[in-house]
file entry.pdb (PDB, C-alpha atoms)
ATOM      1  CA  SER A   1      33.699  21.995 -40.651
ATOM      2  CA  PHE A   2      32.501  24.062 -43.579
ATOM      3  CA  PHE A   3      29.638  26.450 -44.272
ATOM      4  CA  GLY A   4      28.304  28.733 -46.983
ATOM      5  CA  GLU A   5      27.981  26.044 -49.643
ATOM      6  CA  MET A   6      24.174  26.250 -49.817
ATOM      7  CA  GLY A   7      24.247  29.900 -50.863
ATOM      8  CA  MET A   8      26.452  28.977 -53.846
ATOM      9  CA  MET A   9      24.513  25.849 -54.788
ATOM     10  CA  VAL A  10      21.012  27.298 -54.584
ATOM     11  CA  LYS A  11      19.964  30.825 -55.494
ATOM     12  CA  MET A  12      18.116  31.873 -52.353
ATOM     13  CA  PRO A  13      18.792  34.006 -49.250
ATOM     14  CA  ARG A  14      21.029  32.529 -46.581
ATOM     15  CA  SER A  15      19.095  31.023 -43.694
ATOM     16  CA  ALA A  16      21.523  31.999 -40.919
ATOM     17  CA  THR A  17      24.181  34.505 -39.901
ATOM     18  CA  VAL A  18      27.623  33.109 -39.022
ATOM     19  CA  THR A  19      29.899  34.992 -36.608
ATOM     20  CA  THR A  20      33.216  34.022 -35.049
ATOM     21  CA  LYS A  21      33.166  33.040 -31.385
ATOM     22  CA  GLU A  22      36.952  33.160 -31.122
ATOM     23  CA  ARG A  23      39.949  33.797 -33.361
ATOM     24  CA  CYS A  24      39.650  31.578 -36.488
ATOM     25  CA  LEU A  25      41.660  30.588 -39.536
ATOM     26  CA  LEU A  26      39.422  30.032 -42.566
ATOM     27  CA  ALA A  27      39.883  29.018 -46.191
ATOM     28  CA  LYS A  28      37.591  30.976 -48.514
ATOM     29  CA  MET A  29      36.484  29.798 -51.973
ATOM     30  CA  ARG A  30      34.817  31.986 -54.603
ATOM     31  CA  GLY A  31      31.527  30.842 -56.120
ATOM     32  CA  SER A  32      32.997  30.220 -59.590
ATOM     33  CA  ASP A  33      35.854  28.166 -58.116
ATOM     34  CA  PHE A  34      33.423  26.204 -55.975
ATOM     35  CA  LYS A  35      31.297  25.271 -59.014
ATOM     36  CA  ASN A  36      34.379  24.195 -60.967
ATOM     37  CA  PHE A  37      35.474  22.123 -57.981
ATOM     38  CA  LEU A  38      32.127  20.307 -57.941
ATOM     39  CA  LYS A  39      32.409  19.533 -61.648
ATOM     40  CA  LEU A  40      35.763  17.865 -61.003
ATOM     41  CA  CYS A  41      34.422  15.923 -57.996
ATOM     42  CA  PRO A  42      31.008  14.431 -58.962
ATOM     43  CA  ASP A  43      30.828  12.282 -55.814
ATOM     44  CA  ILE A  44      31.141  15.347 -53.596
ATOM     45  CA  GLN A  45      28.629  17.192 -55.776
ATOM     46  CA  ALA A  46      26.097  14.349 -55.424
ATOM     47  CA  SER A  47      26.631  14.257 -51.652
ATOM     48  CA  LEU A  48      26.137  18.015 -51.296
ATOM     49  CA  HIS A  49      23.011  17.957 -53.445
ATOM     50  CA  GLN A  50      21.583  15.180 -51.284
ATOM     51  CA  ASP A  51      22.394  17.189 -48.183
ATOM     52  CA  ALA A  52      20.736  20.242 -49.755
ATOM     53  CA  ARG A  53      17.516  18.307 -50.428
ATOM     54  CA  GLU A  54      17.452  16.984 -46.865
ATOM     55  CA  ARG A  55      17.993  20.456 -45.437
ATOM     56  CA  MET A  56      15.214  21.897 -47.600
ATOM     57  CA  VAL A  57      12.762  19.243 -46.401
ATOM     58  CA  ARG A  58      13.767  19.755 -42.776
ATOM     59  CA  LYS A  59      13.371  23.498 -43.222
ATOM     60  CA  LEU A  60       9.772  23.117 -44.357
ATOM     61  CA  TYR A  61       9.066  20.642 -41.560
ATOM     62  CA  ALA A  62      10.441  23.106 -39.002
ATOM     63  CA  PHE A  63       7.930  25.730 -40.178
ATOM     64  CA  ARG A  64       5.128  23.342 -39.069
ATOM     65  CA  LEU A  65       3.355  23.708 -42.394
ATOM     66  CA  PRO A  66       0.032  21.799 -42.524
ATOM     67  CA  PHE A  67       1.224  19.755 -45.521
ATOM     68  CA  PHE A  68       4.066  18.189 -43.543
ATOM     69  CA  ALA A  69       1.897  17.374 -40.519
ATOM     70  CA  GLY A  70       0.971  14.063 -42.132
ATOM     71  CA  ILE A  71       4.573  12.964 -42.759
ATOM     72  CA  PRO A  72       6.323  11.129 -39.912
ATOM     73  CA  LYS A  73       9.677  12.733 -39.188
ATOM     74  CA  ASN A  74      11.527   9.479 -39.846
ATOM     75  CA  LYS A  75      10.182   9.461 -43.425
ATOM     76  CA  LEU A  76      11.476  12.909 -44.337
ATOM     77  CA  LEU A  77      14.834  11.539 -45.483
ATOM     78  CA  LYS A  78      13.045   9.185 -47.849
ATOM     79  CA  LEU A  79      11.186  12.150 -49.329
ATOM     80  CA  ALA A  80      14.506  13.951 -49.806
ATOM     81  CA  ASN A  81      15.882  10.910 -51.661
ATOM     82  CA  LEU A  82      12.961  10.950 -54.089
ATOM     83  CA  CYS A  83      13.074  14.696 -54.774
ATOM     84  CA  GLU A  84      14.930  16.731 -57.347
ATOM     85  CA  LEU A  85      16.068  20.240 -56.390
ATOM     86  CA  ARG A  86      15.178  22.692 -59.157
ATOM     87  CA  GLU A  87      15.746  26.411 -59.729
ATOM     88  CA  HIS A  88      13.777  28.568 -62.171
ATOM     89  CA  GLU A  89      13.906  32.232 -63.103
ATOM     90  CA  ALA A  90      10.967  34.630 -62.920
ATOM     91  CA  GLY A  91       8.630  34.177 -65.879
ATOM     92  CA  THR A  92       9.350  30.467 -66.359
ATOM     93  CA  GLU A  93       6.260  28.343 -67.075
ATOM     94  CA  LEU A  94       6.219  25.273 -64.822
ATOM     95  CA  ILE A  95       2.816  23.808 -65.708
ATOM     96  CA  GLN A  96       0.572  24.509 -68.676
ATOM     97  CA  GLU A  97      -3.199  24.499 -68.353
ATOM     98  CA  GLY A  98      -4.764  21.619 -70.293
ATOM     99  CA  THR A  99      -1.742  19.299 -70.207
ATOM    100  CA  ILE A 100      -1.427  16.030 -68.250
ATOM    101  CA  GLY A 101       0.930  16.233 -65.287
ATOM    102  CA  ASN A 102       3.940  14.074 -64.550
ATOM    103  CA  SER A 103       5.497  15.972 -61.614
ATOM    104  CA  PHE A 104       4.542  17.201 -58.158
ATOM    105  CA  PHE A 105       6.126  20.426 -56.858
ATOM    106  CA  ILE A 106       6.771  21.904 -53.386
ATOM    107  CA  ILE A 107       7.897  25.534 -53.194
ATOM    108  CA  ILE A 108      11.030  26.052 -51.096
ATOM    109  CA  HIS A 109      11.638  29.701 -51.954
ATOM    110  CA  GLY A 110       9.969  32.289 -54.165
ATOM    111  CA  VAL A 111       6.464  32.892 -55.483
ATOM    112  CA  VAL A 112       4.481  31.366 -58.362
ATOM    113  CA  ASN A 113       1.367  32.571 -60.190
ATOM    114  CA  VAL A 114      -1.673  30.336 -60.663
ATOM    115  CA  VAL A 115      -3.228  31.433 -63.954
ATOM    116  CA  GLN A 116      -6.621  30.389 -65.347
ATOM    117  CA  GLY A 117      -7.918  31.695 -68.629
ATOM    118  CA  GLY A 118      -5.114  34.242 -68.758
ATOM    119  CA  ASN A 119      -5.923  35.680 -65.307
ATOM    120  CA  THR A 120      -3.844  35.210 -62.150
ATOM    121  CA  VAL A 121      -6.241  33.797 -59.537
ATOM    122  CA  VAL A 122      -3.762  33.323 -56.674
ATOM    123  CA  ARG A 123      -0.067  33.380 -55.846
ATOM    124  CA  LEU A 124       1.611  30.614 -53.874
ATOM    125  CA  ALA A 125       4.791  30.825 -51.824
ATOM    126  CA  GLN A 126       7.011  28.793 -49.515
ATOM    127  CA  GLY A 127       5.436  25.513 -48.406
ATOM    128  CA  ALA A 128       2.678  25.509 -51.023
ATOM    129  CA  TYR A 129       2.499  22.624 -53.476
ATOM    130  CA  PHE A 130       0.892  21.920 -56.833
ATOM    131  CA  GLY A 131       0.686  19.391 -59.666
ATOM    132  CA  GLU A 132      -0.767  16.475 -57.714
ATOM    133  CA  VAL A 133      -4.385  16.740 -58.886
ATOM    134  CA  SER A 134      -3.591  15.944 -62.519
ATOM    135  CA  MET A 135      -1.535  12.899 -61.515
ATOM    136  CA  ILE A 136      -4.213  11.537 -59.171
ATOM    137  CA  THR A 137      -7.161  12.057 -61.512
ATOM    138  CA  HIS A 138      -5.303  11.548 -64.824
ATOM    139  CA  THR A 139      -6.986  14.710 -66.097
ATOM    140  CA  PRO A 140      -5.455  17.882 -67.604
ATOM    141  CA  HIS A 141      -4.084  20.617 -65.359
ATOM    142  CA  ALA A 142      -6.756  23.136 -64.356
ATOM    143  CA  ALA A 143      -4.313  26.063 -64.370
ATOM    144  CA  THR A 144      -1.004  27.330 -65.711
ATOM    145  CA  ILE A 145       1.734  27.862 -63.117
ATOM    146  CA  THR A 146       4.415  30.477 -63.808
ATOM    147  CA  CYS A 147       7.244  31.842 -61.669
ATOM    148  CA  HIS A 148       6.381  35.265 -60.276
ATOM    149  CA  SER A 149       9.943  35.521 -58.925
ATOM    150  CA  ASP A 150      13.021  33.330 -59.036
ATOM    151  CA  VAL A 151      11.999  30.106 -57.320
ATOM    152  CA  VAL A 152      13.545  27.016 -55.755
ATOM    153  CA  LEU A 153      11.417  23.882 -55.882
ATOM    154  CA  LEU A 154      11.456  20.266 -54.854
ATOM    155  CA  SER A 155       9.942  18.144 -57.626
ATOM    156  CA  VAL A 156       8.770  14.540 -57.365
ATOM    157  CA  SER A 157       8.119  12.300 -60.372
ATOM    158  CA  ASN A 158       4.770  10.574 -60.902
ATOM    159  CA  GLU A 159       6.143   7.166 -59.902
ATOM    160  CA  SER A 160       7.908   8.456 -56.778
ATOM    161  CA  PHE A 161       4.831  10.489 -55.845
ATOM    162  CA  HIS A 162       2.620   7.410 -55.639
ATOM    163  CA  GLU A 163       5.361   5.395 -53.953
ATOM    164  CA  PHE A 164       5.864   7.900 -51.137
ATOM    165  CA  PHE A 165       2.569   9.694 -50.556
ATOM    166  CA  GLY A 166       0.415   6.589 -51.000
ATOM    167  CA  GLU A 167       1.765   5.442 -47.622
ATOM    168  CA  SER A 168       0.354   8.481 -45.765
ATOM    169  CA  GLU A 169      -3.374   8.305 -45.062
ATOM    170  CA  GLU A 170      -3.716  11.977 -44.176
ATOM    171  CA  LEU A 171      -1.705  13.322 -47.102
ATOM    172  CA  TRP A 172      -3.515  11.131 -49.594
ATOM    173  CA  ALA A 173      -6.817  12.336 -48.133
ATOM    174  CA  GLU A 174      -5.683  15.931 -48.700
ATOM    175  CA  PHE A 175      -4.740  15.185 -52.304
ATOM    176  CA  GLU A 176      -8.131  13.561 -52.900
ATOM    177  CA  MET A 177      -9.901  16.534 -51.317
ATOM    178  CA  ARG A 178      -8.029  18.964 -53.551
ATOM    179  CA  ALA A 179      -8.842  16.851 -56.582
ATOM    180  CA  LEU A 180     -12.552  16.492 -55.785
ATOM    181  CA  GLY A 181     -13.111  20.011 -54.408
ATOM    182  CA  GLU A 182     -16.738  20.484 -53.382
ATOM    183  CA  ASN A 183     -17.389  16.813 -54.213
ATOM    184  CA  MET A 184     -14.946  15.532 -51.586
ATOM    185  CA  ARG A 185     -16.155  12.624 -49.474
ATOM    186  CA  LEU A 186     -16.602  12.374 -45.722
ATOM    187  CA  GLU A 187     -14.027   9.577 -45.471
ATOM    188  CA  HIS A 188     -11.346  12.009 -46.693
ATOM    189  CA  ILE A 189     -12.367  14.748 -44.256
ATOM    190  CA  LEU A 190     -12.278  12.403 -41.270
ATOM    191  CA  LYS A 191      -8.706  11.363 -42.117
ATOM    192  CA  HIS A 192      -7.509  14.940 -42.597
ATOM    193  CA  GLN A 193      -6.359  16.961 -39.586
ATOM    194  CA  LEU A 194      -8.010  20.296 -40.394
ATOM    195  CA  GLY A 195     -11.001  18.654 -42.080
ATOM    196  CA  HIS A 196     -11.583  16.554 -38.978
ATOM    197  CA  GLU A 197     -11.315  19.624 -36.736
ATOM    198  CA  LEU A 198     -13.819  21.670 -38.759
ATOM    199  CA  PHE A 199     -16.300  18.807 -39.144
ATOM    200  CA  LYS A 200     -16.130  18.129 -35.398
ATOM    201  CA  GLN A 201     -16.861  21.813 -34.779
ATOM    202  CA  HIS A 202     -19.896  21.462 -37.050
ATOM    203  CA  LEU A 203     -21.099  18.431 -35.081
ATOM    204  CA  GLU A 204     -20.676  20.350 -31.840
ATOM    205  CA  ASN A 205     -22.836  23.107 -33.336
ATOM    206  CA  GLU A 206     -25.450  20.419 -34.053
ATOM    207  CA  PHE A 207     -25.070  18.959 -30.537
ATOM    208  CA  ALA A 208     -23.858  15.613 -31.884
ATOM    209  CA  PRO A 209     -20.085  15.421 -31.181
ATOM    210  CA  GLU A 210     -20.431  11.867 -29.829
ATOM    211  CA  HIS A 211     -20.596  10.493 -33.372
ATOM    212  CA  ILE A 212     -17.135  11.635 -34.434
ATOM    213  CA  GLU A 213     -15.759  10.910 -30.950
ATOM    214  CA  PHE A 214     -17.009   7.325 -31.260
ATOM    215  CA  TRP A 215     -15.555   7.076 -34.769
ATOM    216  CA  ASP A 216     -12.173   8.245 -33.449
ATOM    217  CA  ALA A 217     -12.353   5.918 -30.458
ATOM    218  CA  VAL A 218     -13.003   2.840 -32.609
ATOM    219  CA  ARG A 219     -10.060   3.678 -34.851
ATOM    220  CA  GLY A 220      -7.957   4.026 -31.726
ATOM    221  CA  PHE A 221      -9.280   0.698 -30.417
ATOM    222  CA  ARG A 222      -8.199  -1.053 -33.619
ATOM    223  CA  LYS A 223      -4.691   0.343 -33.131
ATOM    224  CA  GLY A 224      -4.576  -0.682 -29.468
ATOM    225  CA  GLU A 225      -4.700   2.930 -28.254
ATOM    226  CA  VAL A 226      -8.226   2.898 -26.757
ATOM    227  CA  THR A 227      -9.728   0.251 -24.489
ATOM    228  CA  TYR A 228     -12.869  -1.748 -25.121
ATOM    229  CA  ASP A 229     -14.315  -0.676 -21.746
ATOM    230  CA  PHE A 230     -13.772   3.016 -22.537
ATOM    231  CA  ILE A 231     -15.906   2.789 -25.692
ATOM    232  CA  LEU A 232     -18.547   0.706 -23.947
ATOM    233  CA  SER A 233     -18.907   3.091 -20.989
ATOM    234  CA  ASN A 234     -18.925   6.231 -23.122
ATOM    235  CA  PHE A 235     -20.900   5.352 -26.257
ATOM    236  CA  ILE A 236     -22.723   1.995 -26.203
ATOM    237  CA  GLY A 237     -26.070   1.434 -24.525
ATOM    238  CA  PRO A 238     -28.523   3.618 -22.582
ATOM    239  CA  ASP A 239     -26.275   3.758 -19.511
ATOM    240  CA  SER A 240     -23.256   5.158 -21.388
ATOM    241  CA  LYS A 241     -22.186   8.780 -20.888
ATOM    242  CA  THR A 242     -22.899   9.949 -24.467
ATOM    243  CA  PRO A 243     -24.750   7.154 -26.283
ATOM    244  CA  ILE A 244     -24.468   7.076 -30.057
ATOM    245  CA  ASN A 245     -27.573   7.011 -32.220
ATOM    246  CA  VAL A 246     -27.803   3.315 -33.114
ATOM    247  CA  SER A 247     -30.580   0.818 -32.465
ATOM    248  CA  SER A 248     -30.889  -0.818 -29.047
ATOM    249  CA  GLN A 249     -30.524  -4.207 -30.741
ATOM    250  CA  MET A 250     -27.192  -3.167 -32.245
ATOM    251  CA  SER A 251     -25.940  -1.847 -28.909
ATOM    252  CA  GLN A 252     -27.053  -4.961 -27.039
ATOM    253  CA  LYS A 253     -25.312  -7.174 -29.563
ATOM    254  CA  VAL A 254     -22.011  -5.454 -28.717
ATOM    255  CA  ILE A 255     -22.636  -5.781 -24.966
ATOM    256  CA  ASP A 256     -23.603  -9.464 -25.131
ATOM    257  CA  ASN A 257     -20.761 -10.682 -27.338
ATOM    258  CA  PRO A 258     -17.140 -11.186 -26.172
ATOM    259  CA  GLU A 259     -14.530  -8.533 -26.991
ATOM    260  CA  THR A 260     -12.828  -8.800 -30.411
ATOM    261  CA  LEU A 261     -11.236  -6.328 -32.821
ATOM    262  CA  GLU A 262     -14.498  -6.458 -34.785
ATOM    263  CA  SER A 263     -16.732  -5.770 -31.772
ATOM    264  CA  PHE A 264     -17.721  -2.255 -32.868
ATOM    265  CA  ASP A 265     -17.651  -2.697 -36.655
ATOM    266  CA  GLU A 266     -21.416  -2.704 -37.153
ATOM    267  CA  CYS A 267     -21.911   0.392 -34.994
ATOM    268  CA  PHE A 268     -18.914   2.050 -36.669
ATOM    269  CA  ILE A 269     -20.464   1.657 -40.118
ATOM    270  CA  GLU A 270     -23.876   2.794 -38.880
ATOM    271  CA  VAL A 271     -22.474   5.954 -37.285
ATOM    272  CA  TYR A 272     -20.410   6.769 -40.381
ATOM    273  CA  ASN A 273     -23.472   6.424 -42.634
ATOM    274  CA  LEU A 274     -25.492   8.574 -40.244
ATOM    275  CA  MET A 275     -22.880  11.358 -40.330
ATOM    276  CA  LYS A 276     -22.589  11.051 -44.105
ATOM    277  CA  ARG A 277     -26.330  11.133 -44.705
ATOM    278  CA  ASP A 278     -27.242  13.946 -42.350
ATOM    279  CA  ASN A 279     -24.423  15.954 -40.749
ATOM    280  CA  PHE A 280     -22.087  15.955 -43.742
ATOM    281  CA  GLU A 281     -24.702  17.213 -46.201
ATOM    282  CA  ARG A 282     -25.433  20.145 -43.905
ATOM    283  CA  PHE A 283     -21.715  20.707 -43.281
ATOM    284  CA  LYS A 284     -21.155  21.319 -47.010
ATOM    285  CA  LYS A 285     -23.495  24.311 -46.807
ATOM    286  CA  THR A 286     -21.607  26.012 -43.966
ATOM    287  CA  GLU A 287     -18.829  28.582 -43.731
ATOM    288  CA  LEU A 288     -16.695  25.886 -42.085
ATOM    289  CA  PHE A 289     -16.737  23.894 -45.304
ATOM    290  CA  LYS A 290     -15.763  26.994 -47.282
ATOM    291  CA  GLU A 291     -12.850  27.478 -44.905
ATOM    292  CA  LEU A 292     -11.749  23.919 -45.577
ATOM    293  CA  LEU A 293     -11.888  24.460 -49.341
ATOM    294  CA  ASP A 294      -9.854  27.650 -48.997
ATOM    295  CA  SER A 295      -7.229  25.922 -46.850
ATOM    296  CA  LEU A 296      -6.634  23.397 -49.631
ATOM    297  CA  HIS A 297      -5.602  26.183 -52.054
ATOM    298  CA  ASN A 298      -8.443  25.282 -54.373
ATOM    299  CA  TYR A 299      -7.871  27.191 -57.615
ATOM    300  CA  THR A 300     -11.560  27.786 -58.312
ATOM    301  CA  THR A 301     -12.048  30.662 -55.869
ATOM    302  CA  GLN A 302     -14.805  32.715 -57.453
ATOM    303  CA  GLY A 303     -15.896  36.248 -56.682
ATOM    304  CA  GLN A 304     -12.579  37.168 -55.030
ATOM    305  CA  SER A 305      -9.622  39.220 -56.152
ATOM    306  CA  VAL A 306      -6.119  37.773 -55.989
ATOM    307  CA  ASP A 307      -5.509  39.793 -52.803
ATOM    308  CA  GLN A 308      -8.695  38.462 -51.173
ATOM    309  CA  ALA A 309      -7.958  34.874 -52.131
ATOM    310  CA  ASP A 310      -4.398  35.097 -50.827
ATOM    311  CA  LEU A 311      -5.547  36.699 -47.554
ATOM    312  CA  ARG A 312      -8.115  33.944 -47.072
ATOM    313  CA  ARG A 313      -5.468  31.268 -47.544
ATOM    314  CA  ALA A 314      -3.138  33.063 -45.142
ATOM    315  CA  GLU A 315      -5.884  33.082 -42.495
ATOM    316  CA  MET A 316      -6.407  29.345 -42.936
ATOM    317  CA  SER A 317      -2.684  28.645 -42.724
ATOM    318  CA  PHE A 318      -2.685  30.490 -39.397
ATOM    319  CA  ARG A 319      -5.646  28.445 -38.237
ATOM    320  CA  SER A 320      -3.672  25.304 -39.061
ATOM    321  CA  LYS A 321      -0.851  26.571 -36.779
ATOM    322  CA  ALA A 322       1.555  27.139 -39.630
ATOM    323  CA  SER A 323       4.224  29.699 -38.793
ATOM    324  CA  SER A 324       4.685  30.588 -42.447
ATOM    325  CA  SER A 325       1.812  31.236 -44.848
ATOM    326  CA  SER A 326       1.634  29.066 -47.955
ATOM    327  CA  ALA A 327       0.205  31.978 -49.906
ATOM    328  CA  GLU A 328       1.701  35.442 -50.313
ATOM    329  CA  SER A 329      -0.301  38.642 -50.699
ATOM    330  CA  VAL A 330       0.164  40.385 -54.000
ATOM    331  CA  PRO A 331       2.077  43.649 -53.538
TER     332      PRO A 331
END

call {"tool": "encode", "arguments": {"input": "entry.pdb", "output": "structure tokens"}}
result
Amino acid sequence: SFFGEMGMMVKMPRSATVTTKERCLLAKMRGSDFKNFLKLCPDIQASLHQDARERMVRKLYAFRLPFFAGIPKNKLLKLANLCELREHEAGTELIQEGTIGNSFFIIIHGVVNVVQGGNTVVRLAQGAYFGEVSMITHTPHAATITCHSDVVLLSVSNESFHEFFGESEELWAEFEMRALGENMRLEHILKHQLGHELFKQHLENEFAPEHIEFWDAVRGFRKGEVTYDFILSNFIGPDSKTPINVSSQMSQKVIDNPETLESFDECFIEVYNLMKRDNFERFKKTELFKELLDSLHNYTTQGQSVDQADLRRAEMSFRSKASSSSAESVP
């Protein structure tokens, strides 16, 4: 067994303390000798770098950061294979405002500044990510990103970004929401964990939670996770527990026809359009919607100092059950 190699490969604090449990005989290698050794053994160097990327990804996953909630654990190794581990010193410019992006970044260690018009609007730390909006929308970066401290990043190329994240419905919804900001669509919110939670809370405030519960149930039915009879007894027809707001003709059509995977499609579309037309428009005027925008690290926070913006993001990270905030308060 060996240990200590990460501290010499990547410039960041050690993640654990190692103590002897019994009498040991160890071979110790200085950092300069270790680096020379890796130069002479490229296969070992490649293997250690791969291991480092995997450990970094697992580390972020272990923190239960909202970003990683949408990535199945068995896909984390694939993400590590597509990433490049990068180190930058304080003051380094990572992204320039007005340029088109070709990389996506996840912060492993350190703090970066988000600068617009020469002013720092927020600082991002471990678990935060940036660069995706420009690649999704093919528009220039909205801000300059500089290293506030020495940082360690995972970077993903444009091609690998679309290859990997395009497979995750929730993550792609988050990227779209960040890109569209206040113009995000209901379809994205419903596929996003925190967005779904906040919109459901809004519907409960409007005494109409059955709409999103029906929407969820139909999606579960299509995946084989919810039964036909459950949806029928809870949402369809006047005798159901919490009938959805669709016409009696539409409900009767479902009851009269035999069960198929398409049984609820017409009602599903009707309920979605109802939520979009009424509930969603009112939702966008609430504090819940502002919370959602803040949680996405939207860089257009107006009327707030850097401290206030960072505190707001920290509160939302806590709400999302993250054990480590994605934003760091400015000292």

call {"tool": "resolve_selection", "arguments": {"input": "entry.pdb", "expression": "the PyMOL selection byres ((chain A and resi 58) around 12)", "output": "JSON, numbers by chain"}}
result
{"A": [51, 52, 53, 54, 55, 56, 57, 59, 60, 61, 62, 63, 64, 65, 68, 71, 72, 73, 74, 75, 76, 77, 78, 79, 80, 108, 127]}

call {"tool": "closest_residue", "arguments": {"input": "entry.pdb", "among": "A:Pro209, A:Gly91, A:Gly224, A:Pro258", "to": "Asn245 in chain A", "atoms": "all atoms listed in the file"}}
result
A:Pro209

call {"tool": "atom_distance", "arguments": {"input": "entry.pdb", "atom1": "CA of His202 in chain A", "atom2": "CA of Glu187 in chain A"}}
result
15.7 Å

call {"tool": "residues_around", "arguments": {"input": "entry.pdb", "residues": "Val112 in chain A", "least_positions_apart": "5", "cutoff": "7 Å", "atoms": "all atoms listed in the file", "output": "ChimeraX atom specification"}}
result
/A:123-125,145-149

call {"tool": "resolve_selection", "arguments": {"input": "entry.pdb", "expression": "the PyMOL selection byres ((chain A and resi 240-243) around 12)", "output": "PyMOL selection string"}}
result
chain A and resi 207-214+229-239+244-248+251+255+267+271

call {"tool": "atom_distance", "arguments": {"input": "entry.pdb", "atom1": "CA of Thr260 in chain A", "atom2": "CA of Asn279 in chain A"}}
result
29.2 Å

call {"tool": "resolve_selection", "arguments": {"input": "entry.pdb", "expression": "the PyMOL selection byres ((chain A and resi 185) around 12)", "output": "VMD selection string"}}
result
chain A and resid 173 to 174 176 to 184 186 to 192 195 272 to 273 275 to 277 280 to 281 283 to 284

call {"tool": "closest_residue", "arguments": {"input": "entry.pdb", "among": "A:His49, A:Leu261, A:Gln252, A:Phe268", "to": "Val226 in chain A", "atoms": "all atoms listed in the file"}}
result
A:Leu261

call {"tool": "closest_residue", "arguments": {"input": "entry.pdb", "among": "A:His109, A:Val114, A:Thr286, A:Phe165", "to": "Pro13 in chain A", "atoms": "all atoms listed in the file"}}
result
A:His109

call {"tool": "closest_residue", "arguments": {"input": "entry.pdb", "among": "A:Ala46, A:Ile107, A:Ser1, A:Trp215", "to": "Glu270 in chain A", "atoms": "only C-alpha atoms"}}
result
A:Trp215

call {"tool": "atom_distance", "arguments": {"input": "entry.pdb", "atom1": "CA of His88 in chain A", "atom2": "CA of Lys28 in chain A"}}
result
27.6 Å

call {"tool": "closest_residue", "arguments": {"input": "entry.pdb", "among": "A:Val121, A:Leu48, A:Ile95, A:Val151", "to": "Met12 in chain A", "atoms": "only C-alpha atoms"}}
result
A:Val151

call {"tool": "closest_residue", "arguments": {"input": "entry.pdb", "among": "A:Ala217, A:Leu171, A:Leu40, A:Val111", "to": "Glu132 in chain A", "atoms": "all atoms listed in the file"}}
result
A:Leu171

call {"tool": "residues_around", "arguments": {"input": "entry.pdb", "residues": "Val133 in chain A", "least_positions_apart": "2", "cutoff": "7 Å", "atoms": "only C-alpha atoms", "output": "NGL selection string"}}
result
:A and (131 or 135-137 or 175 or 178-179)
